[in-house]
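Pasting final.csv here (CSV, C-alpha atoms):
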```csv
chain,number,residue,atom,x,y,z
D,574,MET,CA,-8.4,-0.5,15.4
D,575,LYS,CA,-10.1,-2.9,13.0
D,576,VAL,CA,-8.5,-3.1,9.5
D,577,LEU,CA,-10.0,-4.7,6.5
D,578,VAL,CA,-7.4,-6.7,4.5
D,579,LEU,CA,-8.0,-7.6,0.9
D,580,ILE,CA,-7.1,-11.3,0.4
D,581,ARG,CA,-6.1,-11.8,-3.3
D,582,LYS,CA,-6.4,-15.2,-4.8
D,583,GLU,CA,-2.8,-15.2,-6.0
D,584,ASN,CA,-1.3,-14.7,-2.5
D,585,SER,CA,0.0,-17.5,-0.4
D,586,GLU,CA,-0.8,-18.1,3.3
D,587,TYR,CA,2.7,-16.9,4.1
D,588,VAL,CA,2.3,-13.7,2.2
D,589,ASN,CA,-1.0,-13.0,3.8
D,590,ASN,CA,0.3,-13.7,7.3
D,591,CYS,CA,3.0,-11.0,6.8
D,592,TYR,CA,0.2,-8.4,6.4
D,593,PHE,CA,-1.7,-9.8,9.4
D,594,LYS,CA,1.3,-9.8,11.7
D,595,ALA,CA,2.2,-6.3,10.8
D,596,ILE,CA,-1.3,-5.1,11.7
D,597,GLU,CA,-1.4,-7.1,14.9
D,598,LYS,CA,2.1,-5.9,16.0
D,599,TYR,CA,0.6,-2.4,16.5
D,600,GLY,CA,-2.6,-3.5,18.1
D,601,GLY,CA,-4.8,-3.8,15.0
D,602,GLU,CA,-7.5,-6.4,14.5
D,603,VAL,CA,-7.7,-8.0,11.0
D,604,VAL,CA,-11.0,-8.2,9.2
D,605,LYS,CA,-10.5,-10.4,6.1
D,606,CYS,CA,-12.1,-9.5,2.8
D,607,ASN,CA,-11.8,-12.2,0.0
D,608,TYR,CA,-11.4,-11.3,-3.6
D,609,ASN,CA,-14.7,-13.1,-4.4
D,610,ASP,CA,-16.8,-11.6,-1.6
D,611,HIS,CA,-20.1,-10.0,-2.7
D,612,TYR,CA,-20.2,-6.2,-2.7
D,613,GLU,CA,-22.9,-6.2,0.0
D,614,ASP,CA,-20.6,-8.2,2.3
D,615,ILE,CA,-17.7,-5.9,1.6
D,616,LEU,CA,-19.8,-2.8,2.3
D,617,SER,CA,-20.9,-4.4,5.6
D,618,LYS,CA,-17.3,-5.1,6.6
D,619,LEU,CA,-16.2,-1.6,5.5
D,620,SER,CA,-18.8,0.0,7.7
D,621,ASP,CA,-17.3,-1.8,10.7
D,622,VAL,CA,-13.6,-0.9,10.3
D,623,GLU,CA,-11.5,2.1,10.8
D,624,GLY,CA,-8.9,1.3,8.1
D,625,VAL,CA,-8.1,-0.7,5.0
D,626,LEU,CA,-5.0,-2.4,3.9
D,627,LEU,CA,-4.8,-3.2,0.1
D,628,THR,CA,-2.3,-5.9,-0.4
D,629,GLY,CA,0.2,-6.6,-3.2
D,630,GLY,CA,-0.7,-9.0,-6.0
D,631,ASP,CA,-0.7,-9.5,-9.7
D,632,ASP,CA,-3.5,-7.6,-11.4
D,633,ILE,CA,-5.7,-4.5,-10.8
D,634,SER,CA,-9.1,-5.6,-9.4
D,635,LEU,CA,-12.5,-4.0,-9.5
D,636,ILE,CA,-12.9,-4.9,-5.8
D,637,GLY,CA,-9.7,-3.0,-5.0
D,638,LEU,CA,-11.0,0.1,-6.9
D,639,PHE,CA,-14.4,-0.3,-5.2
D,640,ILE,CA,-12.7,-0.3,-1.8
D,641,ILE,CA,-10.6,2.7,-2.6
D,642,ASN,CA,-13.7,4.6,-3.7
D,643,TYR,CA,-15.3,3.8,-0.4
D,644,CYS,CA,-12.2,5.0,1.6
D,645,VAL,CA,-12.2,8.3,-0.4
D,646,ARG,CA,-15.9,9.0,0.1
D,647,HIS,CA,-15.8,8.1,3.8
D,648,ASP,CA,-12.3,9.5,4.6
D,649,LEU,CA,-11.3,6.0,5.8
D,650,ARG,CA,-7.7,5.3,6.7
D,651,LEU,CA,-6.0,3.4,3.8
D,652,LEU,CA,-2.6,1.8,3.3
D,653,GLY,CA,-1.9,0.4,-0.2
D,654,ILE,CA,1.1,-1.8,-0.7
D,655,CYS,CA,2.7,-2.7,-4.1
D,656,LEU,CA,-0.4,-3.5,-6.3
D,657,GLY,CA,-2.5,-1.7,-3.7
D,658,MET,CA,-0.5,1.5,-4.4
D,659,GLN,CA,-0.9,0.9,-8.1
D,660,GLU,CA,-4.7,0.6,-7.7
D,661,MET,CA,-4.6,3.9,-5.8
D,662,CYS,CA,-2.8,5.4,-8.8
D,663,VAL,CA,-5.3,4.3,-11.4
D,664,TYR,CA,-8.3,5.2,-9.2
D,665,SER,CA,-10.6,7.6,-11.0
D,666,SER,CA,-8.5,7.5,-14.2
D,667,ASP,CA,-7.9,5.5,-17.4
D,668,ASP,CA,-4.2,5.0,-16.7
D,669,LYS,CA,-2.8,1.5,-17.0
D,670,ILE,CA,0.0,-0.2,-15.2
D,671,ILE,CA,3.0,-0.9,-17.5
D,672,SER,CA,5.9,-3.3,-17.5
D,673,ILE,CA,9.2,-1.9,-16.1
D,674,GLY,CA,11.0,-3.9,-18.9
D,675,ASP,CA,13.6,-5.6,-16.7
D,676,LEU,CA,13.9,-7.2,-13.3
D,677,SER,CA,15.8,-4.4,-11.6
D,678,HIS,CA,12.8,-3.9,-9.1
D,679,SER,CA,11.8,-7.6,-8.9
D,680,VAL,CA,14.3,-9.1,-6.4
D,681,GLU,CA,13.5,-12.5,-4.9
D,682,GLU,CA,15.6,-12.1,-1.7
D,683,GLU,CA,14.5,-9.9,1.1
D,684,GLY,CA,16.6,-6.8,2.0
D,685,TYR,CA,17.3,-3.3,0.8
D,686,VAL,CA,17.3,-2.9,-3.0
D,687,HIS,CA,17.2,0.8,-3.8
D,688,ASP,CA,16.6,4.3,-2.4
D,689,VAL,CA,13.3,6.2,-2.5
D,690,LYS,CA,13.4,10.0,-2.4
D,691,ILE,CA,10.5,11.5,-0.4
D,692,ASN,CA,9.0,14.9,-1.2
D,693,LYS,CA,9.8,17.3,1.6
D,694,ASP,CA,6.2,18.8,1.4
D,695,SER,CA,4.6,15.4,2.1
D,696,MET,CA,3.1,13.8,5.2
D,697,LEU,CA,5.5,10.8,4.7
D,698,TYR,CA,8.5,13.2,5.0
D,699,LYS,CA,7.2,14.5,8.3
D,700,LEU,CA,6.6,11.0,9.5
D,701,PHE,CA,10.0,9.5,8.5
D,702,ASN,CA,12.0,12.7,9.0
D,703,ARG,CA,14.1,11.7,6.1
D,704,GLU,CA,14.3,12.7,2.4
D,705,THR,CA,15.9,9.4,1.3
D,706,ILE,CA,14.9,6.0,2.6
D,707,LYS,CA,16.0,2.4,1.6
D,708,VAL,CA,13.4,-0.1,0.6
D,709,ASN,CA,13.0,-3.7,-0.6
D,710,SER,CA,11.5,-4.3,-4.1
D,711,HIS,CA,9.4,-7.1,-5.5
D,712,HIS,CA,7.5,-5.7,-8.5
D,713,LYS,CA,7.7,-5.9,-12.3
D,714,GLN,CA,5.2,-3.2,-13.2
D,715,THR,CA,4.8,0.6,-12.6
D,716,LEU,CA,2.7,3.6,-13.4
D,717,LEU,CA,3.8,6.9,-15.0
D,718,ARG,CA,1.7,9.0,-12.7
D,719,SER,CA,-1.1,9.1,-10.1
D,720,ASN,CA,-4.4,10.8,-10.6
D,721,TYR,CA,-6.3,11.3,-7.4
D,722,PHE,CA,-3.5,10.7,-4.9
D,723,ASP,CA,-0.4,12.9,-4.8
D,724,PRO,CA,2.9,11.3,-5.9
D,725,VAL,CA,5.4,11.9,-3.1
D,726,GLY,CA,8.2,9.3,-3.6
D,727,TYR,CA,10.4,8.2,-6.5
D,728,SER,CA,13.1,5.6,-6.8
D,729,ASP,CA,16.6,6.6,-7.9
D,730,ASP,CA,15.8,5.5,-11.4
D,731,GLY,CA,12.6,7.6,-11.6
D,732,LEU,CA,9.8,5.1,-10.8
D,733,LEU,CA,6.8,6.2,-8.8
D,734,GLU,CA,7.2,4.6,-5.3
D,735,ALA,CA,4.8,6.5,-2.9
D,736,VAL,CA,1.5,8.4,-3.0
D,737,GLU,CA,-0.7,10.0,-0.4
D,738,GLY,CA,-4.1,11.6,0.0
D,739,LYS,CA,-5.1,15.0,1.4
D,740,GLY,CA,-7.5,13.8,4.1
D,741,SER,CA,-7.0,11.2,6.7
D,742,PHE,CA,-4.0,8.7,6.6
D,743,GLN,CA,-4.3,7.5,3.0
D,744,VAL,CA,-0.9,6.2,1.7
D,745,GLY,CA,0.4,3.9,-1.0
D,746,VAL,CA,3.9,2.5,-1.2
D,747,GLN,CA,5.4,0.4,-4.0
D,748,TRP,CA,7.6,-1.6,-1.7
D,749,HIS,CA,6.7,-4.2,1.0
D,750,PRO,CA,7.1,-2.7,4.5
D,751,GLU,CA,5.2,-5.7,6.0
D,752,ARG,CA,8.3,-7.8,5.2
D,753,MET,CA,10.8,-5.3,6.7
D,754,LEU,CA,9.5,-4.9,10.2
D,755,ASP,CA,12.4,-7.0,11.7
D,756,TYR,CA,15.1,-4.8,10.3
D,757,ASP,CA,13.7,-1.4,9.2
D,758,GLU,CA,12.7,1.5,11.3
D,759,ILE,CA,10.8,3.3,8.5
D,760,SER,CA,8.5,0.3,8.0
D,761,ASN,CA,7.7,0.2,11.7
D,762,LYS,CA,6.9,4.0,11.7
D,763,LEU,CA,4.6,3.5,8.7
D,764,PHE,CA,2.5,0.8,10.3
D,765,GLU,CA,2.5,2.5,13.7
D,766,ALA,CA,1.2,5.7,12.1
D,767,PHE,CA,-1.4,3.8,10.1
D,768,LEU,CA,-2.7,2.0,13.1
D,769,ASN,CA,-2.3,4.5,16.0
D,770,LYS,CA,-2.6,8.1,14.7
```

In C-alpha cells, what does this structure look like?
Amino acid sequence: MKVLVLIRKENSEYVNNCYFKAIEKYGGEVVKCNYNDHYEDILSKLSDVEGVLLTGGDDISLIGLFIINYCVRHDLRLLGICLGMQEMCVYSSDDKIISIGDLSHSVEEEGYVHDVKINKDSMLYKLFNRETIKVNSHHKQTLLRSNYFDPVGYSDDGLLEAVEGKGSFQVGVQWHPERMLDYDEISNKLFEAFLNK
C-alpha cells in the first residue's frame, strides 16, 4: 500500500523517520509530500496512493486541509497524528486550535502519560477491544470539538484525543503512536489496521 506522508518544515529527520518506519513496518511504501509542493504535484501523488498520513507539527496548514478534503471526497484512507488530527477537527469549520494552558500534555520523554477513554460505539473500540488505553503525549494545543469527523476519544481531563470518519479508515489521534511501536500493542494495531485492512 502506498501512503502519502506530509513532510512539515518544522519536523526533523528523526521525527519524519519515525513515521516512515511505522508505515514500512506493516508493508507500506512511503510517498513523500513536502509542505511547499505545488497543488498539481500533490494531486498527482494523491491519485497514486491508497492512503495518507498527516504528521504532527506546529501549525494548521492549508495543504493539510487540502489533503483532507481530497481524502473525504475520494474516500481515501487517512491517519492524522497530533496536528494531523487537529487539522481533521477544523476541516470544514471555522474552529481554531487553542492553548491547553499548561504543559500537562507536553512531555519531553517518551512513555505513557495519560489514559484515553474510547467510545464503545466507535470503530477504534472494535479495533482495540478496550474502553481505556494509555498513550504518550507531546502537544500544547487542543480543540473543543470536531466538525466533520466524529469525536470518539477523550483524555481523563476531558481533552479531545481521537476522531474518526464514517467511510473508509479515516482516523485522527492526538498522541504519537509512531513513537510507541516498540512497547505498545495498541499503536501496532492502529498502524496494522491502517495499512492492511

For this session: Considering only C-alpha atoms, state which residue in the set D:Ser728, D:Asn720, D:Thr715, D:Asn761 is at the smallest distance from Leu700 of chain D.
Result: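 Of all the options, D:Asn761 lies closest to Leu700 of chain D.
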
Problem set entry | Given all atoms listed in the file as the counted atoms, nearest of D:His711, D:Arg718, D:Lys739, D:Arg703 to Lys669 of chain D |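 Of D:His711, D:Arg718, D:Lys739, D:Arg703, the one nearest Lys669 of chain D, counting all atoms listed in the file, is D:Arg718.
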
Exercise. Just how far from atom CA of Pro750 of chain D is atom CA of Asp632 of chain D, in Å to one decimal?
Worked result: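 Separation between atom CA of Asp632 of chain D and atom CA of Pro750 of chain D: 19.7 Å.
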
For this session: One decimal, Å: what's the distance from atom CA of Cys644 of chain D over to atom CA of Ile759 of chain D, could you say?
Result: 24.1 Å

Seminar exercise, completed: Ile580 of chain D proximity check over D:Glu734, D:Asp610, D:Asp668, D:Glu758, using only C-alpha atoms: winner is D:Asp610

Could you pull out every residue with an atom within 10 Å of (5.2, 0.7, 8.6), file coordinates, counting all atoms listed in the file, and send them as a PDB file with C-alpha atoms, in the frame of the given file?
```
ATOM      1  CA  ALA D 595       2.200  -6.300  10.800  1.00  0.00           C
ATOM      2  CA  ILE D 596      -1.300  -5.100  11.700  1.00  0.00           C
ATOM      3  CA  TYR D 599       0.600  -2.400  16.500  1.00  0.00           C
ATOM      4  CA  LEU D 652      -2.600   1.800   3.300  1.00  0.00           C
ATOM      5  CA  HIS D 749       6.700  -4.200   1.000  1.00  0.00           C
ATOM      6  CA  PRO D 750       7.100  -2.700   4.500  1.00  0.00           C
ATOM      7  CA  GLU D 751       5.200  -5.700   6.000  1.00  0.00           C
ATOM      8  CA  ARG D 752       8.300  -7.800   5.200  1.00  0.00           C
ATOM      9  CA  MET D 753      10.800  -5.300   6.700  1.00  0.00           C
ATOM     10  CA  LEU D 754       9.500  -4.900  10.200  1.00  0.00           C
ATOM     11  CA  ASP D 757      13.700  -1.400   9.200  1.00  0.00           C
ATOM     12  CA  GLU D 758      12.700   1.500  11.300  1.00  0.00           C
ATOM     13  CA  ILE D 759      10.800   3.300   8.500  1.00  0.00           C
ATOM     14  CA  SER D 760       8.500   0.300   8.000  1.00  0.00           C
ATOM     15  CA  ASN D 761       7.700   0.200  11.700  1.00  0.00           C
ATOM     16  CA  LYS D 762       6.900   4.000  11.700  1.00  0.00           C
ATOM     17  CA  LEU D 763       4.600   3.500   8.700  1.00  0.00           C
ATOM     18  CA  PHE D 764       2.500   0.800  10.300  1.00  0.00           C
ATOM     19  CA  GLU D 765       2.500   2.500  13.700  1.00  0.00           C
ATOM     20  CA  ALA D 766       1.200   5.700  12.100  1.00  0.00           C
ATOM     21  CA  PHE D 767      -1.400   3.800  10.100  1.00  0.00           C
ATOM     22  CA  LEU D 768      -2.700   2.000  13.100  1.00  0.00           C
TER      23      LEU D 768
END
```

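Between atom CA of Glu613 of chain D and atom CA of Leu635 of chain D lies a distance of 14.3 Å.
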
For this session: Rank D:His712, D:Glu683, D:Ile615, D:Asn702 by their smallest atom-to-atom distance to Asp631 of chain D, using all atoms listed in the file, and report the top residue only.
Result: D:His712

For this session: Name the closest residue to Met661 of chain D among the candidates D:Tyr587, D:Tyr698, D:Tyr721, D:Tyr756; distances are taken between atoms, counting only C-alpha atoms.
Result: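 Closest to Met661 of chain D, using only C-alpha atoms: D:Tyr721.
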